[in-house]
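Engineer: Contents of protein-v9.cif (mmCIF, C-alpha atoms) are below:
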data_run
loop_
_atom_site.label_atom_id
_atom_site.label_comp_id
_atom_site.auth_asym_id
_atom_site.auth_seq_id
_atom_site.Cartn_x
_atom_site.Cartn_y
_atom_site.Cartn_z
CA MET H 1 136.23 116.59 47.17
CA SER H 2 135.25 120.00 48.42
CA PRO H 3 137.26 121.45 51.23
CA SER H 4 135.39 121.51 54.49
CA ALA H 5 134.16 124.81 55.76
CA SER H 6 134.11 123.07 59.12
CA GLY H 7 135.56 124.23 62.27
CA LYS H 8 135.84 127.99 62.07
CA LEU H 9 133.95 130.01 64.63
CA LYS H 10 131.26 132.16 63.00
CA PRO H 11 130.59 134.80 64.13
CA PRO H 12 133.72 135.56 66.15
CA VAL H 13 133.39 136.46 69.81
CA GLY H 14 131.54 139.74 70.09
CA ALA H 15 129.69 142.14 72.31
CA ASN H 16 126.68 139.82 72.68
CA ASP H 17 128.71 136.96 74.07
CA HIS H 18 128.95 135.78 77.65
CA VAL H 19 132.60 136.26 78.46
CA GLN H 20 134.88 135.65 81.42
CA GLY H 21 138.30 137.23 81.04
CA ALA H 22 139.85 140.12 79.19
CA ALA H 23 139.23 140.86 75.52
CA ASN H 24 142.97 141.02 74.90
CA ALA H 25 143.76 137.67 76.53
CA PRO H 26 145.99 135.63 74.20
CA ILE H 27 143.79 132.54 74.46
CA THR H 28 140.08 132.43 73.77
CA VAL H 29 138.17 129.24 74.45
CA VAL H 30 134.54 129.11 73.33
CA GLU H 31 132.33 126.31 74.57
CA TYR H 32 129.07 125.38 72.89
CA GLY H 33 127.21 123.57 75.61
CA ASP H 34 123.91 122.04 76.68
CA TYR H 35 122.99 122.25 80.37
CA GLU H 36 121.47 118.76 80.38
CA CYS H 37 124.21 117.00 78.42
CA PRO H 38 126.21 114.66 80.68
CA TYR H 39 129.38 115.20 78.64
CA CYS H 40 129.06 118.94 79.19
CA GLY H 41 128.65 118.13 82.85
CA GLU H 42 131.95 116.29 82.70
CA ALA H 43 133.53 119.23 80.92
CA TYR H 44 132.30 121.75 83.49
CA PRO H 45 135.00 121.14 86.14
CA VAL H 46 137.54 121.00 83.32
CA THR H 47 136.62 124.51 82.20
CA LYS H 48 136.97 125.70 85.78
CA ALA H 49 140.38 124.05 86.08
CA LEU H 50 141.39 125.58 82.78
CA GLN H 51 140.49 129.03 84.04
CA GLU H 52 142.34 128.48 87.25
CA ARG H 53 145.42 127.17 85.47
CA LEU H 54 145.60 129.84 82.77
CA GLY H 55 144.38 132.81 84.79
CA LYS H 56 144.54 136.08 82.93
CA LYS H 57 145.82 134.44 79.77
CA LEU H 58 142.40 132.96 79.12
CA ARG H 59 139.14 134.43 77.90
CA PHE H 60 136.32 131.89 78.30
CA VAL H 61 133.06 132.19 76.35
CA PHE H 62 129.90 130.12 76.63
CA ARG H 63 127.32 129.77 73.86
CA ASN H 64 124.11 127.75 74.08
CA PHE H 65 123.69 124.59 72.07
CA PRO H 66 120.67 122.81 73.58
CA LEU H 67 119.99 119.44 71.94
CA ALA H 68 116.31 119.79 72.64
CA GLN H 69 115.25 116.55 70.93
CA ALA H 70 117.63 114.52 73.06
CA HIS H 71 117.41 116.56 76.27
CA PRO H 72 113.91 117.72 77.20
CA HIS H 73 115.10 120.22 79.85
CA ALA H 74 117.97 121.73 77.91
CA GLU H 75 116.09 124.53 76.18
CA HIS H 76 114.42 125.86 79.34
CA ALA H 77 117.65 125.60 81.26
CA ALA H 78 119.39 127.67 78.59
CA GLU H 79 116.62 130.27 78.73
CA ALA H 80 116.93 130.36 82.52
CA ALA H 81 120.65 131.03 82.25
CA GLU H 82 119.94 133.86 79.82
CA ALA H 83 117.22 135.26 82.08
CA ALA H 84 119.74 135.26 84.93
CA GLY H 85 122.23 136.86 82.55
CA ALA H 86 119.80 139.68 81.89
CA GLN H 87 120.04 140.36 85.63
CA GLY H 88 123.83 140.16 85.63
CA LYS H 89 124.08 136.61 86.96
CA LEU H 90 124.68 134.46 83.90
CA TRP H 91 127.73 132.70 85.25
CA GLU H 92 126.19 132.10 88.66
CA MET H 93 123.24 130.36 86.97
CA HIS H 94 125.54 128.56 84.54
CA ASP H 95 127.46 127.07 87.48
CA MET H 96 124.27 126.29 89.38
CA LEU H 97 122.84 124.37 86.42
CA TYR H 98 125.98 122.35 85.81
CA GLU H 99 126.21 121.55 89.50
CA HIS H 100 122.60 120.32 89.53
CA GLN H 101 122.18 118.61 86.18
CA ASP H 102 119.91 116.01 87.68
CA ALA H 103 117.34 118.64 88.71
CA LEU H 104 116.35 120.85 85.81
CA GLU H 105 112.56 120.94 86.03
CA ASP H 106 110.94 124.36 85.83
CA ASP H 107 110.44 124.32 89.62
CA ASP H 108 114.13 123.67 90.08
CA LEU H 109 115.02 126.57 87.78
CA LEU H 110 112.82 128.82 89.89
CA ARG H 111 114.50 127.56 93.05
CA TYR H 112 117.91 128.43 91.61
CA ALA H 113 116.67 131.88 90.60
CA LYS H 114 115.56 132.36 94.21
CA ALA H 115 118.87 131.13 95.57
CA LEU H 116 120.68 133.61 93.34
CA LYS H 117 118.41 136.39 94.63
CA LEU H 118 117.13 137.29 91.21
CA ASP H 119 114.17 139.56 90.71
CA LEU H 120 111.71 136.65 90.71
CA PRO H 121 108.63 138.26 89.14
CA ARG H 122 110.81 139.37 86.24
CA PHE H 123 112.45 135.93 85.95
CA VAL H 124 109.07 134.16 85.93
CA LYS H 125 107.60 136.58 83.43
CA GLU H 126 110.54 136.22 81.07
CA MET H 127 110.59 132.44 81.36
CA GLU H 128 106.87 132.26 80.59
CA ALA H 129 107.22 134.60 77.62
CA HIS H 130 110.31 132.73 76.37
CA THR H 131 111.99 136.10 76.12
CA TYR H 132 115.40 134.55 75.52
CA ALA H 133 114.37 131.71 73.21
CA GLU H 134 115.51 133.74 70.23
CA ARG H 135 118.88 134.41 71.80
CA VAL H 136 119.34 130.71 72.51
CA ARG H 137 118.32 129.88 68.95
CA ALA H 138 120.82 132.41 67.59
CA ASP H 139 123.59 130.77 69.59
CA PHE H 140 122.48 127.37 68.30
CA SER H 141 122.44 128.54 64.67
CA SER H 142 125.87 130.12 64.99
CA GLY H 143 127.08 126.79 66.36
CA VAL H 144 125.65 124.89 63.43
CA ARG H 145 127.30 127.29 60.98
CA SER H 146 130.59 126.97 62.87
CA GLY H 147 130.66 123.20 62.59
CA VAL H 148 129.56 122.31 66.11
CA ASN H 149 129.04 118.58 65.92
CA GLY H 150 127.84 117.64 69.36
CA THR H 151 128.11 118.85 72.90
CA PRO H 152 130.33 120.07 74.25
CA THR H 153 132.25 121.53 71.30
CA PHE H 154 135.21 123.76 72.06
CA PHE H 155 136.83 126.36 69.83
CA ILE H 156 140.36 127.42 70.64
CA ASN H 157 141.23 130.80 69.18
CA GLY H 158 138.44 130.41 66.65
CA MET H 159 139.19 126.86 65.46
CA ARG H 160 137.20 123.78 66.43
CA HIS H 161 138.97 121.42 68.80
CA ASP H 162 138.44 117.86 67.49
CA GLY H 163 139.70 115.78 70.34
CA PRO H 164 139.16 114.73 73.92
CA PHE H 165 138.27 117.49 76.34
CA ASP H 166 140.00 116.41 79.52
CA LEU H 167 142.26 119.04 81.06
CA ARG H 168 145.49 117.65 79.71
CA SER H 169 144.19 117.36 76.12
CA LEU H 170 142.76 120.87 76.16
CA LEU H 171 145.94 122.34 77.59
CA ALA H 172 147.98 120.55 74.92
CA ALA H 173 145.68 121.82 72.17
CA ILE H 174 145.89 125.33 73.57
CA GLU H 175 149.65 125.19 73.67
CA GLU H 176 149.68 124.12 70.05
CA ALA H 177 147.29 126.90 69.03
CA VAL H 178 149.17 129.73 70.67
CA MET K 1 141.48 109.91 55.74
CA ALA K 2 140.78 106.42 54.45
CA GLU K 3 142.98 105.04 51.71
CA ASP K 4 140.43 102.81 50.11
CA SER K 5 137.72 105.25 49.13
CA SER K 6 139.38 108.25 47.61
CA LYS K 7 136.98 107.92 44.70
CA ILE K 8 134.06 109.66 46.37
CA LEU K 9 131.74 110.93 43.65
CA ALA K 10 132.33 114.60 42.99
CA ALA K 11 130.03 117.52 42.30
CA GLY K 12 128.59 117.44 38.79
CA THR K 13 128.19 113.64 38.73
CA ALA K 14 124.73 112.15 38.29
CA ALA K 15 123.75 110.61 41.63
CA PRO K 16 123.51 106.81 41.30
CA GLU K 17 119.96 105.51 41.68
CA PHE K 18 119.17 103.37 44.72
CA ALA K 19 116.26 101.67 46.42
CA LEU K 20 116.83 100.84 50.08
CA HIS K 21 114.68 99.81 52.98
CA SER K 22 113.76 102.56 55.44
CA THR K 23 111.67 100.12 57.46
CA PRO K 24 111.40 96.34 57.11
CA ASP K 25 108.51 96.78 54.65
CA GLN K 26 109.20 100.15 53.03
CA LEU K 27 111.58 100.99 50.19
CA VAL K 28 112.93 104.47 49.52
CA SER K 29 114.40 105.44 46.14
CA LEU K 30 116.53 108.33 45.05
CA SER K 31 113.88 109.25 42.48
CA ASP K 32 111.33 109.74 45.29
CA PHE K 33 113.16 112.96 46.11
CA ARG K 34 113.24 114.50 42.63
CA GLY K 35 112.18 118.15 42.61
CA ALA K 36 113.83 119.16 45.89
CA PRO K 37 117.35 119.00 47.31
CA LEU K 38 118.31 115.79 49.10
CA ILE K 39 121.03 115.29 51.69
CA LEU K 40 122.61 111.83 51.85
CA ALA K 41 124.50 111.27 55.08
CA PHE K 42 126.52 108.05 55.08
CA TYR K 43 127.73 107.05 58.55
CA PRO K 44 129.53 103.97 59.85
CA ALA K 45 127.07 102.60 62.38
CA ASP K 46 124.03 103.10 64.58
CA TRP K 47 124.55 103.39 68.33
CA SER K 48 127.72 105.42 68.50
CA PRO K 49 128.20 106.09 72.17
CA VAL K 50 128.04 109.88 72.30
CA CYS K 51 125.18 112.28 72.69
CA GLY K 52 124.80 114.77 69.94
CA ASP K 53 126.23 112.23 67.50
CA GLN K 54 125.95 112.89 63.80
CA MET K 55 122.36 111.72 63.31
CA ALA K 56 121.20 113.34 66.56
CA LEU K 57 122.73 116.60 65.39
CA TYR K 58 120.88 116.47 62.05
CA ASN K 59 117.71 115.76 63.98
CA GLU K 60 118.20 119.03 65.85
CA VAL K 61 119.02 120.93 62.66
CA LEU K 62 116.12 119.61 60.56
CA SER K 63 114.30 122.93 60.63
CA GLU K 64 117.34 124.62 59.07
CA PHE K 65 117.38 122.00 56.30
CA HIS K 66 113.66 122.44 55.75
CA ARG K 67 114.15 126.15 55.13
CA PHE K 68 115.81 125.02 51.90
CA LYS K 69 113.02 122.47 51.31
CA ALA K 70 115.71 119.82 51.59
CA ALA K 71 115.10 116.27 52.79
CA ILE K 72 117.74 114.22 54.56
CA VAL K 73 118.32 110.47 54.82
CA GLY K 74 120.97 108.66 56.82
CA ILE K 75 122.56 105.55 55.29
CA SER K 76 124.56 102.81 56.97
CA VAL K 77 124.96 99.06 56.56
CA ASP K 78 122.86 98.36 59.66
CA GLY K 79 119.71 96.32 59.10
CA SER K 80 116.31 97.98 59.09
CA TRP K 81 115.29 96.51 62.46
CA CYS K 82 118.43 97.97 63.96
CA HIS K 83 117.68 101.33 62.34
CA ALA K 84 114.13 101.20 63.69
CA ALA K 85 115.36 100.67 67.25
CA PHE K 86 118.03 103.35 66.90
CA ALA K 87 115.65 105.89 65.37
CA ALA K 88 113.07 105.25 68.10
CA ASP K 89 115.67 105.57 70.85
CA ARG K 90 117.06 108.84 69.49
CA LYS K 91 113.65 110.14 68.39
CA LEU K 92 114.90 110.76 64.88
CA HIS K 93 112.45 112.50 62.55
CA PHE K 94 114.02 111.48 59.26
CA PRO K 95 114.55 108.10 57.57
CA LEU K 96 117.56 105.86 58.03
CA LEU K 97 118.23 103.64 55.03
CA SER K 98 119.71 100.20 55.21
CA ASP K 99 122.55 99.47 52.77
CA PHE K 100 122.39 95.89 53.92
CA GLU K 101 121.91 93.51 50.98
CA PRO K 102 124.04 93.36 48.95
CA LYS K 103 126.03 94.87 51.75
CA GLY K 104 127.36 98.35 51.08
CA ALA K 105 126.38 98.32 47.39
CA VAL K 106 125.04 101.87 47.43
CA ALA K 107 128.00 103.16 49.43
CA ARG K 108 130.30 101.54 46.85
CA SER K 109 128.42 103.21 44.00
CA TYR K 110 129.02 106.58 45.69
CA GLY K 111 132.66 105.70 46.40
CA VAL K 112 132.32 105.74 50.16
CA TYR K 113 132.67 102.12 51.32
CA ARG K 114 135.39 100.98 53.74
CA ALA K 115 135.80 97.45 52.40
CA HIS K 116 138.33 96.33 55.00
CA GLU K 117 135.99 97.26 57.84
CA GLY K 118 132.70 96.53 56.15
CA VAL K 119 131.12 99.87 56.95
CA THR K 120 130.43 103.05 55.04
CA GLU K 121 132.59 106.11 55.30
CA ARG K 122 131.34 109.19 57.08
CA ALA K 123 130.43 111.08 53.91
CA LEU K 124 127.95 113.71 52.86
CA PHE K 125 126.26 114.45 49.54
CA VAL K 126 123.89 117.22 48.57
CA ILE K 127 121.90 116.22 45.48
CA ASP K 128 120.12 118.89 43.47
CA PRO K 129 116.43 118.68 42.50
CA LYS K 130 117.37 117.10 39.16
CA GLY K 131 119.44 114.31 40.66
CA THR K 132 122.95 115.68 40.18
CA ILE K 133 125.46 115.76 43.01
CA SER K 134 126.07 119.41 43.83
CA TRP K 135 128.43 118.87 46.80
CA SER K 136 130.20 115.96 48.41
CA TYR K 137 132.45 115.64 51.42
CA LEU K 138 134.42 112.77 52.90
CA SER K 139 135.00 113.24 56.62
CA PRO K 140 137.72 111.55 58.65
CA VAL K 141 135.73 108.58 59.93
CA GLY K 142 136.20 109.50 63.57
CA VAL K 143 135.08 113.10 63.14
CA ASN K 144 131.46 114.10 63.04
CA PRO K 145 131.43 116.61 60.16
CA GLY K 146 128.64 118.74 61.59
CA ALA K 147 126.07 120.48 59.43
CA ASP K 148 127.78 123.65 58.28
CA GLY K 149 129.09 122.19 55.01
CA ILE K 150 125.61 120.93 54.15
CA LEU K 151 124.05 124.32 54.84
CA ASP K 152 126.68 126.12 52.77
CA ALA K 153 125.95 123.71 49.90
CA LEU K 154 122.19 124.19 50.19
CA GLU K 155 122.69 127.94 50.23
CA ALA K 156 124.84 127.77 47.08
CA LEU K 157 122.19 125.60 45.41
CA ALA K 158 119.43 128.04 46.30
CA ALA K 159 121.49 130.96 44.97
CA LYS K 160 121.89 129.26 41.57
CA LYS K 161 118.17 129.18 40.89
#
Could you quickly redo this structure as structure tokens?

Structural biologist:
Amino acid sequence: MSPSASGKLKPPVGANDHVQGAANAPITVVEYGDYECPYCGEAYPVTKALQERLGKKLRFVFRNFPLAQAHPHAEHAAEAAEAAGAQGKLWEMHDMLYEHQDALEDDDLLRYAKALKLDLPRFVKEMEAHTYAERVRADFSSGVRSGVNGTPTFFINGMRHDGPFDLRSLLAAIEEAV
Amino acid sequence: MAEDSSKILAAGTAAPEFALHSTPDQLVSLSDFRGAPLILAFYPADWSPVCGDQMALYNEVLSEFHRFKAAIVGISVDGSWCHAAFAADRKLHFPLLSDFEPKGAVARSYGVYRAHEGVTERALFVIDPKGTISWSYLSPVGVNPGADGILDALEALAAKK
């Protein structure tokens, strides 16, 4: 039997990533997520609680993994988050999407862009041109090569976390990893 | 890892021939895939209650497999009507084969049958264009192995040519 290549984050967290927290934080948690996935929706408050609990010890990274066949709105939602990111509001849009998972039509995305006071003509233009589709695809491919096997998939300090993702389980896994 | 199927066929072994139903009236054989790489993905059962389960993941990654001209089939002991309903529900764009009668015979021939539970292991094979196994992997049954091992194997196969 061949050893599995599974479960090692490739590429490691870099300059292109969406990051909350300091580069030298002892714990890095990477989430591969889909904005329409209900399990990611469940994980969203957990990631917030994790950040609150661990404070400066944690660097949190989000990469896109839209399961577009299963979730018809996931790809556009990911592009909308990236478009907001291009205007410095990735995390605001990220939170908005996870807090409104039941409303992810294009009109809704535009409404959120408005609420976040984005430059709307730019947002609309970039959404229509699918400016960030390639970026989303690159995240997706990196996930596939890292052994992402569904959404959400978490990596703790570069290794895939194969277990439940409630707060207690994640904290236990983090403790073990550090 | 399971105790009763440590004999998973290894790289270098000729892939055992099979002919299984992909739909109630259609048979698919190993030899149909000669000339291009084939991925065999054995999995325990349809309808696992997670999104982005193993088959759904492969469905999303099909374009990456196609870059290597590779085909993929899923295999479980579920009947072909069950597969049809599952594939329609998950909008799968690749065939699911039914290792149904005699139950698990193909999984046994590949060394990936869990006799005490009556389901196949979660196991992956990449078969080269000539019908030889070029990579195999037995996953812990509860862990979706993802697609990275398959892509590494396809890459290695492409580099050999």

Engineer: May I ask you to extract the residues of chain H within 12 Å of chain K, using only C-alpha atoms, and to give them as a count of residues only?

Structural biologist: 47

Engineer: Please identify all polymer residues lying at most 6 Å from the point (130.6, 134.6, 78.4) (file coordinates), using only C-alpha atoms, and present the result as JSON, numbers by chain.

Structural biologist: {"H": [17, 18, 19, 20, 61, 62]}

Engineer: Can you sort out the box for stretch 104-119 of chain H, edges along x, y and z, all listed atoms in, 6 Å on every side, with centre and edge lengths in Å to one decimal, as JSON?

Structural biologist:
{"center_x": 115.6, "center_y": 130.2, "center_z": 90.7, "size_x": 22.2, "size_y": 30.7, "size_z": 21.8}

Engineer: Fewer than 3 positions away in the same chain doesn't count, so skip those; otherwise give me all residues within 10 Å of H:Leu90, counting only C-alpha atoms, as a JSON list (two decimals) with C-alpha atoms, in the coordinates of the input.

Structural biologist:
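Saved file out-v8.json follows:
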[["chain", "number", "residue", "atom", "x", "y", "z"],
["H", 18, "HIS", "CA", 128.95, 135.78, 77.65],
["H", 19, "VAL", "CA", 132.60, 136.26, 78.46],
["H", 62, "PHE", "CA", 129.90, 130.12, 76.63],
["H", 80, "ALA", "CA", 116.93, 130.36, 82.52],
["H", 81, "ALA", "CA", 120.65, 131.03, 82.25],
["H", 82, "GLU", "CA", 119.94, 133.86, 79.82],
["H", 83, "ALA", "CA", 117.22, 135.26, 82.08],
["H", 84, "ALA", "CA", 119.74, 135.26, 84.93],
["H", 85, "GLY", "CA", 122.23, 136.86, 82.55],
["H", 86, "ALA", "CA", 119.80, 139.68, 81.89],
["H", 87, "GLN", "CA", 120.04, 140.36, 85.63],
["H", 93, "MET", "CA", 123.24, 130.36, 86.97],
["H", 94, "HIS", "CA", 125.54, 128.56, 84.54],
["H", 95, "ASP", "CA", 127.46, 127.07, 87.48],
["H", 96, "MET", "CA", 124.27, 126.29, 89.38]]

Engineer: For atom CA of K:Pro16 and atom CA of K:Ala153, quote the distance in Å rounded to one decimal.

Structural biologist: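 About the pair atom CA of K:Pro16 and atom CA of K:Ala153: they are 19.1 Å apart.
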
Engineer: Would you compute the distance between atom CA of K:Leu30 and atom CA of K:Phe18? Give it in Å to one decimal.

Structural biologist: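 Atom CA of K:Leu30 sits 5.6 Å away from atom CA of K:Phe18.
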
Engineer: Do a neighbour search on stretch 111-119 of chain K at 12 Å with all atoms listed in the file, toss out local chain neighbours closer than 4 positions, and write the hits as a PyMOL selection string.

Structural biologist: (chain H and resi 1) or (chain K and resi 1-10+13+15-16+40-46+75-78+98-100+102-107+123-125+136-141)

Engineer: Could those selected residues go to a file with C-alpha atoms, as an mmCIF file, in the frame of the given file?

Structural biologist:
data_model
loop_
_atom_site.group_PDB
_atom_site.id
_atom_site.type_symbol
_atom_site.label_atom_id
_atom_site.label_comp_id
_atom_site.auth_asym_id
_atom_site.auth_seq_id
_atom_site.Cartn_x
_atom_site.Cartn_y
_atom_site.Cartn_z
ATOM 1 C CA MET H 1 136.230 116.590 47.170
ATOM 2 C CA MET K 1 141.480 109.910 55.740
ATOM 3 C CA ALA K 2 140.780 106.420 54.450
ATOM 4 C CA GLU K 3 142.980 105.040 51.710
ATOM 5 C CA ASP K 4 140.430 102.810 50.110
ATOM 6 C CA SER K 5 137.720 105.250 49.130
ATOM 7 C CA SER K 6 139.380 108.250 47.610
ATOM 8 C CA LYS K 7 136.980 107.920 44.700
ATOM 9 C CA ILE K 8 134.060 109.660 46.370
ATOM 10 C CA LEU K 9 131.740 110.930 43.650
ATOM 11 C CA ALA K 10 132.330 114.600 42.990
ATOM 12 C CA THR K 13 128.190 113.640 38.730
ATOM 13 C CA ALA K 15 123.750 110.610 41.630
ATOM 14 C CA PRO K 16 123.510 106.810 41.300
ATOM 15 C CA LEU K 40 122.610 111.830 51.850
ATOM 16 C CA ALA K 41 124.500 111.270 55.080
ATOM 17 C CA PHE K 42 126.520 108.050 55.080
ATOM 18 C CA TYR K 43 127.730 107.050 58.550
ATOM 19 C CA PRO K 44 129.530 103.970 59.850
ATOM 20 C CA ALA K 45 127.070 102.600 62.380
ATOM 21 C CA ASP K 46 124.030 103.100 64.580
ATOM 22 C CA ILE K 75 122.560 105.550 55.290
ATOM 23 C CA SER K 76 124.560 102.810 56.970
ATOM 24 C CA VAL K 77 124.960 99.060 56.560
ATOM 25 C CA ASP K 78 122.860 98.360 59.660
ATOM 26 C CA SER K 98 119.710 100.200 55.210
ATOM 27 C CA ASP K 99 122.550 99.470 52.770
ATOM 28 C CA PHE K 100 122.390 95.890 53.920
ATOM 29 C CA PRO K 102 124.040 93.360 48.950
ATOM 30 C CA LYS K 103 126.030 94.870 51.750
ATOM 31 C CA GLY K 104 127.360 98.350 51.080
ATOM 32 C CA ALA K 105 126.380 98.320 47.390
ATOM 33 C CA VAL K 106 125.040 101.870 47.430
ATOM 34 C CA ALA K 107 128.000 103.160 49.430
ATOM 35 C CA ALA K 123 130.430 111.080 53.910
ATOM 36 C CA LEU K 124 127.950 113.710 52.860
ATOM 37 C CA PHE K 125 126.260 114.450 49.540
ATOM 38 C CA SER K 136 130.200 115.960 48.410
ATOM 39 C CA TYR K 137 132.450 115.640 51.420
ATOM 40 C CA LEU K 138 134.420 112.770 52.900
ATOM 41 C CA SER K 139 135.000 113.240 56.620
ATOM 42 C CA PRO K 140 137.720 111.550 58.650
ATOM 43 C CA VAL K 141 135.730 108.580 59.930
#

Engineer: Please, what distance in Å, to one decimal, runs between atom CA of K:Ala19 and atom CA of K:Ser31?

Structural biologist: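 So the answer is 8.9 Å.
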
Engineer: Which residue is closest to H:Ile156? Choose from H:Asn24, H:Glu134, H:Ala172, H:Met127 and count all atoms listed in the file.

Structural biologist: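 For H:Ile156, the nearest of the candidates is H:Ala172.
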
Engineer: Tell me which of H:Pro26, H:Gln101, H:Arg53, H:Leu110 sits closest to H:Arg168, counting all atoms listed in the file.

Structural biologist: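 Looking at the shortest contact to H:Arg168, the residue is H:Arg53.
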
Engineer: Which of these, K:Ile39, K:Leu97, K:Ala84, K:Lys130, has the shortest distance to K:Leu62 once you count only C-alpha atoms?

Structural biologist: K:Ile39

Engineer: Skipping near chain neighbours, those fewer than 3 positions away, what residues fall within 6 Å of H:Thr28 using only C-alpha atoms, listed as an MDAnalysis selection string?

Structural biologist: chainID H and resid 58:60 156:157

Engineer: Can you sort out stretch 97-109 of chain K so it carries N, CA and C atoms, written as a PDB file, in the frame of the given file?

Structural biologist:
ATOM      1  N   LEU K  97     118.309 104.675  56.051  1.00  0.00           N
ATOM      2  CA  LEU K  97     118.230 103.640  55.030  1.00  0.00           C
ATOM      3  C   LEU K  97     119.287 102.577  55.296  1.00  0.00           C
ATOM      4  N   SER K  98     118.929 101.376  54.873  1.00  0.00           N
ATOM      5  CA  SER K  98     119.710 100.200  55.210  1.00  0.00           C
ATOM      6  C   SER K  98     120.428  99.678  53.966  1.00  0.00           C
ATOM      7  N   ASP K  99     121.742  99.912  53.921  1.00  0.00           N
ATOM      8  CA  ASP K  99     122.550  99.470  52.770  1.00  0.00           C
ATOM      9  C   ASP K  99     123.092  98.079  53.082  1.00  0.00           C
ATOM     10  N   PHE K 100     122.157  97.137  53.205  1.00  0.00           N
ATOM     11  CA  PHE K 100     122.390  95.890  53.920  1.00  0.00           C
ATOM     12  C   PHE K 100     122.587  94.694  52.993  1.00  0.00           C
ATOM     13  N   GLU K 101     121.860  94.680  51.860  1.00  0.00           N
ATOM     14  CA  GLU K 101     121.910  93.510  50.980  1.00  0.00           C
ATOM     15  C   GLU K 101     121.742  93.934  49.540  1.00  0.00           C
ATOM     16  N   PRO K 102     122.683  93.782  48.638  1.00  0.00           N
ATOM     17  CA  PRO K 102     124.040  93.360  48.950  1.00  0.00           C
ATOM     18  C   PRO K 102     124.764  94.418  49.770  1.00  0.00           C
ATOM     19  N   LYS K 103     125.504  93.967  50.736  1.00  0.00           N
ATOM     20  CA  LYS K 103     126.030  94.870  51.750  1.00  0.00           C
ATOM     21  C   LYS K 103     126.908  95.982  51.165  1.00  0.00           C
ATOM     22  N   GLY K 104     126.526  97.217  51.468  1.00  0.00           N
ATOM     23  CA  GLY K 104     127.360  98.350  51.080  1.00  0.00           C
ATOM     24  C   GLY K 104     127.317  98.700  49.592  1.00  0.00           C
ATOM     25  N   ALA K 105     126.378  98.109  48.845  1.00  0.00           N
ATOM     26  CA  ALA K 105     126.380  98.320  47.390  1.00  0.00           C
ATOM     27  C   ALA K 105     126.182  99.800  47.038  1.00  0.00           C
ATOM     28  N   VAL K 106     125.294 100.466  47.745  1.00  0.00           N
ATOM     29  CA  VAL K 106     125.040 101.870  47.430  1.00  0.00           C
ATOM     30  C   VAL K 106     126.244 102.723  47.840  1.00  0.00           C
ATOM     31  N   ALA K 107     126.798 102.426  49.002  1.00  0.00           N
ATOM     32  CA  ALA K 107     128.000 103.160  49.430  1.00  0.00           C
ATOM     33  C   ALA K 107     129.114 102.990  48.399  1.00  0.00           C
ATOM     34  N   ARG K 108     129.283 101.766  47.888  1.00  0.00           N
ATOM     35  CA  ARG K 108     130.300 101.540  46.850  1.00  0.00           C
ATOM     36  C   ARG K 108     130.019 102.405  45.628  1.00  0.00           C
ATOM     37  N   SER K 109     128.744 102.470  45.231  1.00  0.00           N
ATOM     38  CA  SER K 109     128.420 103.210  44.000  1.00  0.00           C
ATOM     39  C   SER K 109     128.684 104.709  44.178  1.00  0.00           C
TER      40      SER K 109
END
